[in-house]
>>> print(open('input-v5.cif').read())   # mmCIF, C-alpha atoms
data_start
#
loop_
_atom_site.label_atom_id
_atom_site.label_comp_id
_atom_site.auth_asym_id
_atom_site.auth_seq_id
_atom_site.Cartn_x
_atom_site.Cartn_y
_atom_site.Cartn_z
CA MET A 1 20.43 26.51 53.27
CA ASN A 2 17.12 25.63 54.82
CA GLN A 3 14.67 24.59 52.11
CA HIS A 4 11.94 26.33 54.13
CA SER A 5 13.72 29.71 54.02
CA SER A 6 12.03 32.29 51.84
CA PRO A 7 13.63 33.15 48.49
CA GLU A 8 14.28 36.67 49.82
CA THR A 9 16.11 35.25 52.85
CA ILE A 10 18.26 33.01 50.62
CA ILE A 11 19.25 35.96 48.40
CA GLN A 12 20.02 38.15 51.42
CA CYS A 13 22.29 35.38 52.78
CA GLN A 14 24.00 35.23 49.38
CA LEU A 15 24.50 39.01 49.35
CA ASP A 16 25.84 39.01 52.93
CA ALA A 17 28.30 36.22 52.05
CA TYR A 18 29.36 38.10 48.90
CA ASN A 19 30.11 41.24 50.89
CA ALA A 20 31.96 39.23 53.56
CA HIS A 21 33.98 37.47 50.81
CA ASP A 22 32.87 34.20 52.46
CA LEU A 23 33.08 31.72 49.60
CA ASP A 24 31.71 28.72 51.53
CA ALA A 25 28.70 30.67 52.82
CA LEU A 26 28.03 32.00 49.32
CA LEU A 27 28.21 28.53 47.78
CA ALA A 28 25.84 27.19 50.44
CA THR A 29 23.10 29.34 48.89
CA TYR A 30 23.50 27.72 45.44
CA ALA A 31 22.22 24.36 44.22
CA GLU A 32 24.89 21.86 43.21
CA ASP A 33 23.84 22.22 39.55
CA ALA A 34 23.17 25.98 39.66
CA LYS A 35 23.98 28.13 36.64
CA GLN A 36 25.10 31.75 36.41
CA PHE A 37 24.41 33.77 33.27
CA GLU A 38 25.07 37.17 31.84
CA HIS A 39 21.64 38.11 30.51
CA PRO A 40 20.19 37.04 28.16
CA GLY A 41 21.96 33.68 27.86
CA LYS A 42 25.75 33.83 28.11
CA LEU A 43 26.73 31.03 30.53
CA LEU A 44 29.27 32.27 33.10
CA ALA A 45 29.37 29.24 35.42
CA ASP A 46 27.76 25.80 35.39
CA GLY A 47 27.59 24.11 38.81
CA ARG A 48 29.06 24.90 42.21
CA ALA A 49 32.62 23.99 41.19
CA GLN A 50 32.64 26.62 38.42
CA ILE A 51 30.89 29.14 40.67
CA ARG A 52 33.60 28.49 43.30
CA GLU A 53 36.34 29.09 40.73
CA ARG A 54 34.70 32.26 39.40
CA MET A 55 33.94 33.75 42.80
CA SER A 56 37.28 32.86 44.40
CA ARG A 57 38.96 34.99 41.72
CA ARG A 58 36.45 37.79 42.28
CA PHE A 59 36.94 37.70 46.07
CA GLN A 60 40.65 38.45 45.62
CA ASP A 61 39.57 42.06 45.00
CA ALA A 62 39.68 43.70 48.45
CA HIS A 63 37.43 46.52 47.20
CA LEU A 64 34.60 44.20 46.09
CA GLN A 65 31.29 45.21 47.71
CA ALA A 66 27.68 45.14 46.55
CA LYS A 67 25.19 47.76 47.67
CA LEU A 68 21.54 46.80 47.36
CA ILE A 69 19.51 49.61 45.80
CA LYS A 70 16.17 47.85 45.38
CA ARG A 71 14.78 44.33 45.73
CA SER A 72 11.61 42.88 44.19
CA VAL A 73 10.23 39.44 45.03
CA MET A 74 7.68 37.55 42.96
CA GLY A 75 7.18 34.00 44.22
CA ASN A 76 10.51 32.19 43.84
CA ILE A 77 12.05 34.97 41.70
CA VAL A 78 14.11 37.69 43.38
CA ILE A 79 15.36 40.71 41.43
CA ASP A 80 18.06 42.89 42.95
CA GLN A 81 19.24 46.23 41.62
CA GLU A 82 22.77 46.80 42.92
CA GLU A 83 25.84 48.97 42.67
CA VAL A 84 29.01 46.92 42.87
CA THR A 85 32.30 48.52 43.78
CA ARG A 86 35.28 46.63 42.36
CA THR A 87 38.63 46.99 40.71
CA PHE A 88 38.52 47.02 36.92
CA PRO A 89 41.60 46.80 34.65
CA GLU A 90 41.32 50.60 34.31
CA GLY A 91 41.04 51.16 38.08
CA ARG A 92 38.53 51.11 40.91
CA GLY A 93 34.95 51.98 40.12
CA VAL A 94 31.28 51.17 40.44
CA ILE A 95 29.10 49.16 38.07
CA GLU A 96 25.32 49.16 38.09
CA LEU A 97 23.64 45.80 37.65
CA VAL A 98 20.41 43.90 37.96
CA ALA A 99 20.57 40.32 39.23
CA ILE A 100 17.66 37.95 38.68
CA TYR A 101 17.62 34.85 40.91
CA GLU A 102 15.44 31.77 40.72
CA VAL A 103 15.23 29.87 44.01
CA GLN A 104 14.10 26.23 44.12
CA ASP A 105 13.96 24.09 47.27
CA GLY A 106 15.78 26.72 49.33
CA LEU A 107 18.74 27.14 46.94
CA ILE A 108 19.59 29.41 44.04
CA GLN A 109 19.05 27.44 40.84
CA THR A 110 19.87 30.18 38.33
CA SER A 111 21.14 33.73 38.44
CA SER A 112 21.27 36.12 35.53
CA VAL A 113 23.05 39.46 35.63
CA ILE A 114 22.40 42.50 33.46
CA PHE A 115 25.37 44.86 33.58
CA GLY A 116 24.76 48.57 33.36
CA ALA A 117 27.02 51.59 33.31
CA THR A 118 30.50 51.55 34.82
CA LYS A 119 31.73 54.65 36.60
CA LEU A 120 35.50 54.65 37.07
CA ASP A 121 37.12 56.75 39.76
CA ALA A 122 33.71 57.11 41.34
CA LEU A 123 35.22 56.78 44.80
CA LYS A 124 37.81 59.55 44.65
#
>>> encode(input="input-v5.cif", output="structure tokens")
Amino acid sequence: MNQHSSPETIIQCQLDAYNAHDLDALLATYAEDAKQFEHPGKLLADGRAQIRERMSRRFQDAHLQAKLIKRSVMGNIVIDQEEVTRTFPEGRGVIELVAIYEVQDGLIQTSSVIFGATKLDALK
């Protein structure tokens, strides 16, 4: 990514790559030593290699899509409220989440996700 891109632009590129299931484009938005957390501090992935592994598994779900509900930007922090459609062990559904991104030098340094309610069979 361009280090002069705004944090909001970086996060939008990440969301677009996520919805396109474009792993390389998604990884290009993350710093080499980026970390992903489940809020408040459960480490999900440490570095691009682990993010690649985690997201390549996730992208195998043909139903995976994130819908942006609301975005807030405060300096280098971007907070997205989303609804993510995906396949759960119990079937296809939607999960609400909040993602908090910290952007440094044009790349995502950390992301933390707060998972909300899951609605199964929401698409029938």
>>> atom_distance(input="input-v5.cif", atom1="CA of Arg86 in chain A", atom2="CA of Gln60 in chain A")
10.3 Å
>>> resolve_selection(input="input-v5.cif", expression="the PyMOL selection byres ((chain A and resi 92) around 9)", output="compact mmCIF listing (two decimals) with C-alpha atoms, keeping the file's coordinate frame")
# COMPACT_ATOMS: atom_id res chain seq x y z
CA HIS A 63 37.43 46.52 47.20
CA THR A 85 32.30 48.52 43.78
CA ARG A 86 35.28 46.63 42.36
CA THR A 87 38.63 46.99 40.71
CA PHE A 88 38.52 47.02 36.92
CA PRO A 89 41.60 46.80 34.65
CA GLU A 90 41.32 50.60 34.31
CA GLY A 91 41.04 51.16 38.08
CA GLY A 93 34.95 51.98 40.12
CA VAL A 94 31.28 51.17 40.44
CA LYS A 119 31.73 54.65 36.60
CA LEU A 120 35.50 54.65 37.07
CA ASP A 121 37.12 56.75 39.76
CA ALA A 122 33.71 57.11 41.34
CA LEU A 123 35.22 56.78 44.80
>>> atom_distance(input="input-v5.cif", atom1="CA of Phe115 in chain A", atom2="CA of Gly41 in chain A")
13.0 Å
>>> closest_residue(input="input-v5.cif", among="A:Val78, A:Leu23, A:Ile95, A:Ile100", to="Val113 in chain A", atoms="all atoms listed in the file")
A:Ile100
>>> closest_residue(input="input-v5.cif", among="A:Ser112, A:Glu8, A:Asp22, A:Met55", to="Leu43 in chain A", atoms="only C-alpha atoms")
A:Ser112
>>> resolve_selection(input="input-v5.cif", expression="the PyMOL selection byres ((chain A and resi 29) around 12)", output="MDAnalysis selection string")
chainID A and resid 1:3 5:18 22:28 30:34 48 51:52 101:111
>>> atom_distance(input="input-v5.cif", atom1="CA of Arg54 in chain A", atom2="CA of Lys42 in chain A")
14.5 Å
>>> closest_residue(input="input-v5.cif", among="A:Ala117, A:Asn19, A:His4, A:Ile79", to="Ala62 in chain A", atoms="all atoms listed in the file")
A:Asn19
>>> closest_residue(input="input-v5.cif", among="A:Glu83, A:Asn76, A:Thr118, A:His21", to="Ser56 in chain A", atoms="only C-alpha atoms")
A:His21
>>> closest_residue(input="input-v5.cif", among="A:Glu96, A:Glu53, A:Glu38, A:Asp46", to="Lys70 in chain A", atoms="all atoms listed in the file")
A:Glu96
>>> closest_residue(input="input-v5.cif", among="A:Gly47, A:Leu97, A:Gly116, A:Gln36", to="Lys67 in chain A", atoms="all atoms listed in the file")
A:Leu97
